[in-house]
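Structure file run.cif; described as mmCIF, C-alpha atoms.
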data_start
loop_
_atom_site.label_atom_id
_atom_site.label_comp_id
_atom_site.auth_asym_id
_atom_site.auth_seq_id
_atom_site.Cartn_x
_atom_site.Cartn_y
_atom_site.Cartn_z
CA MET A 1 -24.35 22.86 -28.02
CA SER A 2 -22.85 26.32 -28.50
CA THR A 3 -20.03 27.79 -26.43
CA SER A 4 -19.72 31.47 -25.59
CA VAL A 5 -16.97 33.37 -23.77
CA ASP A 6 -17.86 35.12 -20.53
CA SER A 7 -16.11 38.11 -18.95
CA HIS A 8 -12.72 37.75 -17.27
CA THR A 9 -12.30 37.60 -13.49
CA THR A 10 -9.27 37.42 -11.24
CA VAL A 11 -10.36 34.40 -9.19
CA LEU A 12 -13.10 31.92 -10.05
CA ILE A 13 -14.26 29.83 -7.09
CA VAL A 14 -16.09 26.60 -7.88
CA GLY A 15 -18.32 25.53 -4.98
CA ALA A 16 -20.37 27.70 -2.62
CA GLY A 17 -19.95 25.80 0.63
CA PRO A 18 -18.26 27.28 3.73
CA THR A 19 -14.81 27.08 2.13
CA GLY A 20 -15.76 28.82 -1.09
CA LEU A 21 -17.93 31.44 0.60
CA THR A 22 -15.33 32.44 3.19
CA LEU A 23 -12.57 32.53 0.59
CA ALA A 24 -14.67 34.77 -1.64
CA LEU A 25 -15.41 37.12 1.25
CA SER A 26 -11.74 37.30 2.25
CA LEU A 27 -10.60 38.02 -1.31
CA LEU A 28 -13.22 40.74 -1.72
CA GLN A 29 -12.04 42.35 1.51
CA HIS A 30 -8.59 42.55 -0.06
CA GLY A 31 -9.86 44.09 -3.28
CA VAL A 32 -9.61 40.97 -5.44
CA LYS A 33 -12.21 40.48 -8.17
CA VAL A 34 -14.08 37.21 -7.56
CA ARG A 35 -16.76 35.07 -9.17
CA LEU A 36 -18.41 32.21 -7.31
CA ILE A 37 -20.37 29.41 -8.98
CA ASP A 38 -22.15 26.32 -7.69
CA LEU A 39 -23.63 23.22 -9.30
CA THR A 40 -26.86 23.19 -7.29
CA LEU A 41 -29.91 25.18 -8.33
CA SER A 42 -30.57 26.48 -4.82
CA PRO A 43 -28.82 26.45 -1.42
CA HIS A 44 -29.23 23.27 0.64
CA GLU A 45 -31.00 23.21 4.02
CA ALA A 46 -28.87 20.56 5.74
CA ALA A 47 -27.39 20.85 9.22
CA ARG A 48 -24.29 18.80 8.27
CA GLY A 49 -21.35 19.72 10.49
CA THR A 50 -22.54 22.03 13.26
CA ALA A 51 -19.45 22.76 15.38
CA ILE A 52 -17.37 25.89 14.78
CA MET A 53 -14.07 25.73 16.63
CA PRO A 54 -12.58 28.79 18.39
CA ARG A 55 -9.85 29.35 15.78
CA THR A 56 -12.48 29.28 13.05
CA GLN A 57 -14.52 31.83 15.01
CA GLU A 58 -11.46 34.10 14.94
CA ALA A 59 -11.38 33.80 11.15
CA LEU A 60 -15.10 34.55 10.91
CA ALA A 61 -14.61 37.59 13.15
CA ILE A 62 -11.92 38.91 10.81
CA LEU A 63 -14.40 38.50 7.96
CA GLY A 64 -16.94 40.55 9.93
CA VAL A 65 -19.60 37.83 10.20
CA MET A 66 -19.12 36.49 13.73
CA ASN A 67 -21.67 38.82 15.34
CA ASP A 68 -24.36 37.43 13.05
CA VAL A 69 -23.22 33.88 13.83
CA LYS A 70 -23.42 34.48 17.58
CA GLU A 71 -27.02 35.66 17.29
CA ILE A 72 -28.24 32.18 16.38
CA ALA A 73 -25.42 29.83 17.45
CA THR A 74 -25.53 27.86 20.69
CA GLY A 75 -22.66 27.25 23.06
CA PRO A 76 -21.18 23.82 23.79
CA LEU A 77 -24.24 22.19 25.38
CA GLN A 78 -23.70 19.44 27.91
CA MET A 79 -24.38 15.95 26.62
CA ALA A 80 -27.01 14.05 28.61
CA ILE A 81 -26.62 10.26 28.65
CA TYR A 82 -29.83 8.34 29.31
CA ALA A 83 -30.40 5.08 31.18
CA PRO A 84 -31.93 2.06 29.41
CA ASP A 85 -35.42 3.30 30.37
CA GLY A 86 -34.82 6.24 28.03
CA LYS A 87 -35.99 8.89 30.50
CA THR A 88 -33.51 8.88 33.39
CA ILE A 89 -30.36 10.94 32.85
CA LEU A 90 -27.39 8.90 34.09
CA LYS A 91 -24.89 11.71 33.67
CA ALA A 92 -24.29 14.99 31.89
CA PHE A 93 -20.88 16.22 30.84
CA ASP A 94 -19.16 18.86 28.72
CA TRP A 95 -18.42 17.30 25.34
CA SER A 96 -16.22 20.26 24.41
CA GLN A 97 -13.73 21.83 26.81
CA SER A 98 -13.31 25.60 27.04
CA ALA A 99 -9.91 27.19 26.55
CA PRO A 100 -8.39 29.06 29.53
CA GLU A 101 -9.07 32.78 29.85
CA SER A 102 -6.37 34.71 28.03
CA PRO A 103 -6.13 37.97 26.09
CA THR A 104 -4.68 35.91 23.24
CA ILE A 105 -7.78 33.69 23.04
CA PRO A 106 -10.78 35.82 21.99
CA PHE A 107 -13.10 32.83 21.59
CA ARG A 108 -12.84 30.14 24.24
CA GLN A 109 -15.73 27.82 23.39
CA THR A 110 -17.04 25.83 20.49
CA ALA A 111 -20.13 27.34 18.87
CA SER A 112 -22.81 25.27 17.15
CA ILE A 113 -24.72 26.39 14.07
CA SER A 114 -26.20 24.49 11.14
CA GLN A 115 -24.04 24.66 8.06
CA HIS A 116 -26.88 26.01 5.95
CA GLU A 117 -27.43 28.85 8.46
CA LEU A 118 -23.72 29.73 8.38
CA GLU A 119 -23.76 29.70 4.58
CA LYS A 120 -26.83 31.95 4.59
CA ILE A 121 -24.95 34.49 6.72
CA LEU A 122 -21.90 34.33 4.45
CA ARG A 123 -24.02 34.78 1.31
CA HIS A 124 -25.70 37.81 2.91
CA HIS A 125 -22.33 39.46 3.52
CA LEU A 126 -21.14 38.58 0.01
CA ASN A 127 -24.29 40.11 -1.47
CA GLY A 128 -23.52 43.27 0.49
CA ARG A 129 -20.20 43.43 -1.38
CA GLY A 130 -21.85 42.95 -4.75
CA CYS A 131 -20.97 39.27 -5.13
CA LYS A 132 -23.83 36.85 -5.71
CA VAL A 133 -23.38 33.10 -6.08
CA ALA A 134 -24.22 31.94 -9.60
CA MET A 135 -26.29 28.78 -9.07
CA GLY A 136 -26.87 25.93 -11.49
CA LEU A 137 -23.50 26.14 -13.26
CA LYS A 138 -21.86 22.76 -13.89
CA LEU A 139 -18.09 22.70 -14.34
CA ILE A 140 -17.25 20.40 -17.26
CA GLY A 141 -13.74 21.43 -18.26
CA ILE A 142 -10.56 23.15 -17.09
CA ALA A 143 -7.84 24.40 -19.44
CA GLN A 144 -4.90 26.59 -18.55
CA ASN A 145 -1.63 28.08 -19.71
CA ASP A 146 1.04 30.19 -18.04
CA GLN A 147 -1.15 33.30 -18.08
CA ALA A 148 -4.73 32.22 -17.32
CA VAL A 149 -7.31 29.51 -16.73
CA THR A 150 -10.41 28.76 -18.79
CA ALA A 151 -13.27 27.04 -16.98
CA THR A 152 -15.96 25.57 -19.21
CA VAL A 153 -19.33 25.43 -17.50
CA GLN A 154 -22.70 24.11 -18.61
CA ILE A 155 -25.82 26.22 -18.06
CA ASP A 156 -28.97 24.43 -19.17
CA GLU A 157 -28.26 23.45 -22.80
CA LYS A 158 -25.40 25.84 -23.49
CA THR A 159 -21.76 26.00 -22.45
CA VAL A 160 -19.83 29.06 -21.37
CA ASP A 161 -16.07 29.62 -21.06
CA ILE A 162 -15.14 31.69 -18.02
CA LYS A 163 -11.67 33.23 -18.15
CA CYS A 164 -9.81 33.79 -14.88
CA ASP A 165 -6.31 34.36 -13.58
CA PHE A 166 -6.73 31.63 -10.96
CA LEU A 167 -9.32 28.96 -10.21
CA VAL A 168 -10.04 27.57 -6.74
CA ALA A 169 -11.82 24.21 -6.60
CA ALA A 170 -13.96 24.13 -3.45
CA ASP A 171 -16.69 21.82 -4.72
CA GLY A 172 -16.39 19.14 -2.05
CA ALA A 173 -14.91 15.67 -1.86
CA LYS A 174 -17.44 14.39 -4.42
CA GLY A 175 -16.96 17.36 -6.75
CA VAL A 176 -15.79 17.08 -10.33
CA SER A 177 -12.84 19.50 -10.25
CA ARG A 178 -10.32 17.04 -8.83
CA ARG A 179 -11.21 14.50 -11.52
CA LEU A 180 -10.89 17.08 -14.27
CA LEU A 181 -7.38 17.81 -12.99
CA ASP A 182 -6.59 14.07 -12.78
CA VAL A 183 -5.47 14.42 -9.17
CA SER A 184 -5.50 11.25 -7.06
CA PHE A 185 -7.44 10.97 -3.80
CA LEU A 186 -5.39 8.58 -1.68
CA GLY A 187 -6.77 6.85 1.39
CA GLU A 188 -9.59 4.56 2.44
CA THR A 189 -13.33 4.43 2.99
CA LYS A 190 -14.40 2.50 6.07
CA GLU A 191 -17.70 0.92 5.09
CA ASP A 192 -18.43 -0.23 8.64
CA ALA A 193 -18.03 3.26 10.15
CA ARG A 194 -21.42 4.75 9.33
CA ILE A 195 -23.48 7.60 10.72
CA TRP A 196 -27.10 8.18 9.74
CA ALA A 197 -28.07 11.84 10.04
CA ALA A 198 -31.20 13.93 9.61
CA ASN A 199 -32.83 17.21 10.59
CA VAL A 200 -35.93 16.47 12.68
CA GLN A 201 -38.57 18.53 14.44
CA VAL A 202 -39.40 17.54 18.04
CA PRO A 203 -41.79 20.19 19.40
CA GLY A 204 -41.69 20.78 23.14
CA PHE A 205 -38.57 18.72 23.84
CA ASP A 206 -35.81 20.05 26.09
CA ARG A 207 -33.18 22.16 24.32
CA GLN A 208 -30.74 22.58 27.22
CA TYR A 209 -28.83 19.38 26.46
CA TRP A 210 -27.44 17.38 23.58
CA HIS A 211 -29.39 14.18 24.32
CA ARG A 212 -28.01 10.67 23.73
CA TRP A 213 -29.55 7.22 24.07
CA GLY A 214 -28.27 3.72 23.46
CA ASP A 215 -24.76 2.30 23.36
CA PHE A 216 -21.99 2.76 20.81
CA ALA A 217 -21.28 -0.97 21.10
CA SER A 218 -24.67 -1.69 19.50
CA ALA A 219 -26.57 1.40 18.39
CA ALA A 220 -26.83 4.94 19.73
CA THR A 221 -28.87 7.95 18.70
CA SER A 222 -28.80 11.59 19.72
CA LEU A 223 -30.79 14.80 19.37
CA LYS A 224 -28.82 18.05 19.23
CA PRO A 225 -30.78 21.35 19.30
CA ILE A 226 -30.23 23.49 16.22
CA TYR A 227 -31.65 26.82 15.08
CA PRO A 228 -34.54 27.47 14.68
CA GLU A 229 -36.73 25.77 17.28
CA PRO A 230 -38.07 23.03 17.22
CA TRP A 231 -35.36 21.57 14.94
CA PHE A 232 -32.80 19.05 16.16
CA GLN A 233 -29.99 17.24 14.41
CA MET A 234 -30.46 13.49 14.83
CA LEU A 235 -27.32 11.35 14.58
CA THR A 236 -27.45 7.56 14.78
CA LEU A 237 -24.52 5.14 14.66
CA GLY A 238 -23.24 1.76 15.80
CA PRO A 239 -22.62 -1.72 14.41
CA GLN A 240 -26.33 -2.56 14.65
CA LEU A 241 -27.41 0.41 12.54
CA PRO A 242 -29.84 -1.00 9.92
CA LYS A 243 -28.40 -1.61 6.48
CA GLU A 244 -31.42 0.13 4.97
CA ILE A 245 -31.43 3.60 6.49
CA PRO A 246 -34.70 5.49 7.09
CA THR A 247 -35.88 7.71 4.28
CA ASP A 248 -39.14 9.13 5.64
CA LEU A 249 -40.78 10.30 8.86
CA PRO A 250 -42.41 6.99 9.97
CA GLN A 251 -39.15 5.08 9.48
CA THR A 252 -37.19 7.77 11.32
CA GLN A 253 -39.63 7.71 14.23
CA ALA A 254 -39.41 3.92 14.40
CA LEU A 255 -35.60 3.97 14.45
CA PHE A 256 -35.54 6.62 17.16
CA ASN A 257 -38.08 4.74 19.32
CA SER A 258 -36.23 1.43 18.98
CA ILE A 259 -32.98 2.89 20.32
CA SER A 260 -34.19 5.53 22.77
CA LYS A 261 -36.98 3.37 24.27
CA ARG A 262 -39.12 6.51 24.20
CA SER A 263 -42.64 6.54 22.84
CA ASP A 264 -43.61 9.97 24.17
CA LEU A 265 -41.36 12.01 21.87
CA VAL A 266 -43.06 12.69 18.55
CA LEU A 267 -41.06 13.67 15.49
CA THR A 268 -43.27 15.92 13.36
CA ASP A 269 -40.97 16.53 10.38
CA VAL A 270 -37.76 15.18 8.91
CA SER A 271 -35.48 16.62 6.24
CA TRP A 272 -31.97 16.12 4.88
CA VAL A 273 -31.70 12.38 5.45
CA THR A 274 -28.23 11.06 4.66
CA GLU A 275 -25.71 8.35 5.45
CA TRP A 276 -22.10 9.32 6.16
CA LYS A 277 -19.15 6.92 6.02
CA ALA A 278 -15.67 7.44 7.40
CA ASN A 279 -13.67 8.61 4.39
CA ILE A 280 -10.02 9.28 5.21
CA ARG A 281 -8.31 10.61 2.10
CA MET A 282 -5.92 13.25 0.84
CA THR A 283 -4.73 14.36 -2.57
CA ASP A 284 -1.11 13.98 -3.63
CA LYS A 285 -1.03 17.69 -4.53
CA PHE A 286 -2.94 20.83 -3.59
CA SER A 287 -2.49 22.75 -6.82
CA VAL A 288 -2.02 22.18 -10.53
CA GLY A 289 -0.61 25.25 -12.20
CA ARG A 290 -3.04 28.10 -11.61
CA VAL A 291 -5.73 25.85 -10.12
CA PHE A 292 -5.89 25.28 -6.37
CA LEU A 293 -7.77 22.65 -4.36
CA ALA A 294 -9.42 23.84 -1.15
CA GLY A 295 -11.45 22.01 1.49
CA GLY A 296 -13.19 18.78 0.51
CA PRO A 297 -11.54 18.28 -2.91
CA ALA A 298 -8.14 18.21 -1.19
CA ARG A 299 -8.83 16.13 1.90
CA CYS A 300 -11.57 14.57 3.98
CA HIS A 301 -11.51 12.72 7.26
CA ARG A 302 -13.52 11.39 10.19
CA ASP A 303 -15.40 13.84 12.44
CA ARG A 304 -17.09 15.59 9.54
CA SER A 305 -20.45 15.09 11.24
CA ARG A 306 -19.24 17.09 14.22
CA SER A 307 -17.24 19.98 12.80
CA GLN A 308 -17.73 22.10 9.71
CA SER A 309 -14.45 23.91 10.20
CA GLY A 310 -11.85 21.17 9.85
CA ASN A 311 -11.42 21.01 6.09
CA GLY A 312 -11.39 24.49 4.68
CA LEU A 313 -11.73 27.09 7.44
CA GLY A 314 -9.83 28.09 10.52
#
With the file now loaded, output its structure as C-alpha cells.
Amino acid sequence: MSTSVDSHTTVLIVGAGPTGLTLALSLLQHGVKVRLIDLTLSPHEAARGTAIMPRTQEALAILGVMNDVKEIATGPLQMAIYAPDGKTILKAFDWSQSAPESPTIPFRQTASISQHELEKILRHHLNGRGCKVAMGLKLIGIAQNDQAVTATVQIDEKTVDIKCDFLVAADGAKGVSRRLLDVSFLGETKEDARIWAANVQVPGFDRQYWHRWGDFASAATSLKPIYPEPWFQMLTLGPQLPKEIPTDLPQTQALFNSISKRSDLVLTDVSWVTEWKANIRMTDKFSVGRVFLAGGPARCHRDRSRSQSGNGLG
C-alpha cells in the first residue's frame, strides 16, 4: 500500500456531522483555509436529534443558514398523550417552553429539523464557499510536532498524508480519532436505558401534534412529524422494550400496534432503524498538542435523541 503526500491546509476537520460542518463554515467566514473529510461514502438520511435550541439558532443565524432552516423546520409542537384506547387524547401540553419576549433573545422557541436536513443545508452553504466534503476517507493515523499535524487517511487501497496546521476531530463518540490520540472516555453506559428509533412514513396522519402512546413505566412510543411529509420520527422506550429490536417494516408496524393499540394507522416505509443507549461520558482532555476534540469525541450524554445541538453547537 503506497503513501502519497497531499497539499497542506490550515485546519483539517475529521467528521462531517453538525459539529464539523458548522465549524468549517465558521472558519471559512473568517478566512481560514479548511478541508473536511468523512469516513462514510455518502451522507446519511437519519433524523437523529431533531431539536435545535434557541442559542444554537443564534449560532446558525450568524453562519447565515438560519433562514434556510426555518423554511423546513417546525416549531415546538404540543405533545398529545393518548388514552389506553389509543384514539382519545387525554391531554396536550407544550413539551418545550418559550423564552420571554426580549430584544436580547432573537429566537424564543425550539425548532425541529432532521439532522440530515440540517447537514444538507450546511453542506450547501459550504459548497457555495468552495468547500466540499471529501467522502470515503478513513483516518488511520495522526502524527504531529510543534509546527504541524500529519493525518494519514486511507482511500480505497492507497494511503494519503494530509498536512495541516491544526486538526479538529469531530467524528463522533464512536469515531477513531480519540483512540488514535489515546485519550480516555470516562463515564458509564446504562444498558437498561434504551431508546429504539426509526424514520417512518404514516400517510394521512395528523401532523399538528407530537403523538405519544403507552406508559414510560412499561413501554411508550411516539410519532413526531419531520420534513418532508409523510415522514415521522418514531421513538420507543421503556423497561418492556423488546430485547430484539425491529429491523424491518412488518416488525416496526407490529411494535407500534402493540403499544399504541391502533390498527388503523399504516406505516408504509421505515428507514434508519437504530437502538440508542444512555452513554454518559467525557474525555479527560479536549486537546492533544495541535489536535482538538469537538462534539461527540469529547463528550456524550443523555438526551441525544431529543437535541442535536447539545454536544458541538450552540
* Counting all atoms listed in the file, figure out which residue out of A:Leu39, A:Ile52, A:Ala83, A:Met282 gets nearest to Arg262 in chain A. =>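 Counting all atoms listed in the file, the residue closest to Arg262 in chain A is A:Ala83.
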* So which residues touch range 212-217 of chain A within 10 Å, counting only C-alpha atoms, skipping near sequence neighbours fewer than 3 positions away, as a PyMOL selection string? -> chain A and resi 79-87+89+92+209+220-224+234-240+256+258-262
* Asked: Around (-43.4, 16.3, 13.5) in the file's frame, which residues reach within 7 Å when counting only C-alpha atoms? Return as a list in words?
  ->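 Output: Gln201, Val202, Val266, Leu267, Thr268 and Asp269 of chain A.
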For Arg178 in chain A: contacts at 8 Å, all atoms listed in the file, fewer than 4 positions along chain excluded, given as a short mmCIF file (atom, residue, chain, number, x, y, z; two decimals) with C-alpha atoms, keeping the file's coordinate frame:
data_model
loop_
_atom_site.label_atom_id
_atom_site.label_comp_id
_atom_site.auth_asym_id
_atom_site.auth_seq_id
_atom_site.Cartn_x
_atom_site.Cartn_y
_atom_site.Cartn_z
CA ALA A 169 -11.82 24.21 -6.60
CA ASP A 182 -6.59 14.07 -12.78
CA VAL A 183 -5.47 14.42 -9.17
CA SER A 184 -5.50 11.25 -7.06
CA LEU A 293 -7.77 22.65 -4.36
CA PRO A 297 -11.54 18.28 -2.91
#
* Residues within 10 Å of Ala46 in chain A, all atoms listed in the file, excluding chain neighbours under 2 positions, as a count of residues only -> 17
When the PyMOL selection byres ((chain A and resi 189-195) around 6) is applied to the structure above, which residues does it catch, written out as a PDB file with C-alpha atoms, in the frame of the given file?
ATOM      1  CA  GLU A 188      -9.590   4.560   2.440  1.00  0.00           C
ATOM      2  CA  TRP A 196     -27.100   8.180   9.740  1.00  0.00           C
ATOM      3  CA  THR A 236     -27.450   7.560  14.780  1.00  0.00           C
ATOM      4  CA  LEU A 237     -24.520   5.140  14.660  1.00  0.00           C
ATOM      5  CA  GLU A 275     -25.710   8.350   5.450  1.00  0.00           C
ATOM      6  CA  TRP A 276     -22.100   9.320   6.160  1.00  0.00           C
ATOM      7  CA  LYS A 277     -19.150   6.920   6.020  1.00  0.00           C
ATOM      8  CA  ALA A 278     -15.670   7.440   7.400  1.00  0.00           C
ATOM      9  CA  ASN A 279     -13.670   8.610   4.390  1.00  0.00           C
TER      10      ASN A 279
END
Closest atom pairs, range 14-124 of chain A residues within 7 Å of range 135-144 of chain A, all atoms listed in the file, as CSV:
residue,atom,partner,partner_atom,distance
A:Ile37,CA,A:Met135,CA,6.0
A:Asp38,CA,A:Met135,CA,5.0
A:Leu39,CA,A:Gly136,CA,4.8
A:Thr40,CA,A:Gly136,CA,5.0
A:Leu41,CA,A:Gly136,CA,4.4
A:Ser42,CA,A:Met135,CA,6.5
* Closest to Ala24 in chain A among A:Arg55, A:Arg123, A:Arg108, A:Lys91, using only C-alpha atoms? ->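 Of A:Arg55, A:Arg123, A:Arg108, A:Lys91, the one nearest Ala24 in chain A is A:Arg123, counting only C-alpha atoms.
From CA of Gly289 in chain A back to CA of Gly17 in chain A, the distance works out to 23.2 Å.
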* State, in Å with one decimal place, the distance from CA of Gln147 in chain A to CA of Cys164 in chain A. =>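 One can read the CA of Gln147 in chain A to CA of Cys164 in chain A distance as 9.2 Å.
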* To do: Enumerate, as a PyMOL selection string, the residues matched when the PyMOL selection byres ((chain A and resi 97) around 10) is run on the file above.
  => chain A and resi 76+93-96+98-100+108-110
* Asked: Between CA of Asp161 in chain A and CA of Lys33 in chain A, what is the distance, to one decimal in Å?
  ->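 These two atoms are separated by 17.3 Å.
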* To do: Identify which of the residues A:Leu77, A:Leu60, A:Leu25, A:Leu167 lies closest to Gly128 in chain A, counting all atoms listed in the file when measuring atom-to-atom distances.
  =>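 Among the listed residues, A:Leu25 lies closest to Gly128 in chain A.
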* To do: Name every residue that the PyMOL selection byres ((chain A and resi 126) around 12) selects in this structure, writing the answer as a PyMOL selection string with chains first and numbers rising.
  => chain A and resi 16+20-29+34-36+63-65+119-125+127-133
Size and centre in Å, one decimal, axis-aligned box, all listed range 20-28 of chain A atoms plus 4 Å per side, as AutoDock Vina command-line options:
--center_x -14.3 --center_y 34.8 --center_z 0.7 --size_x 15.3 --size_y 19.9 --size_z 12.9
* Structure fact -> Shortest contact to Trp210 in chain A, candidates A:Pro54, A:Gly75, A:Gly31, A:Pro228, atoms counted only C-alpha atoms, goes to A:Gly75
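Residue nearest Met53 in chain A, chosen from A:Leu181, A:Ile113, A:Val200, A:Ala254 and counting all atoms listed in the file: A:Ile113.
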* Asked: A:Asp156, A:Thr10, A:Trp231, A:Val69: which is nearest Ala47 in chain A, counting only C-alpha atoms?
  -> A:Trp231
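Selecting by distance to (-4.7, 31.6, -17.4) with a limit of 8 Å and using all atoms listed in the file, one obtains Gln144, Asn145, Asp146, Gln147, Ala148, Val149, Thr150, Lys163, Cys164, Asp165, Phe166 and Arg290 of chain A.
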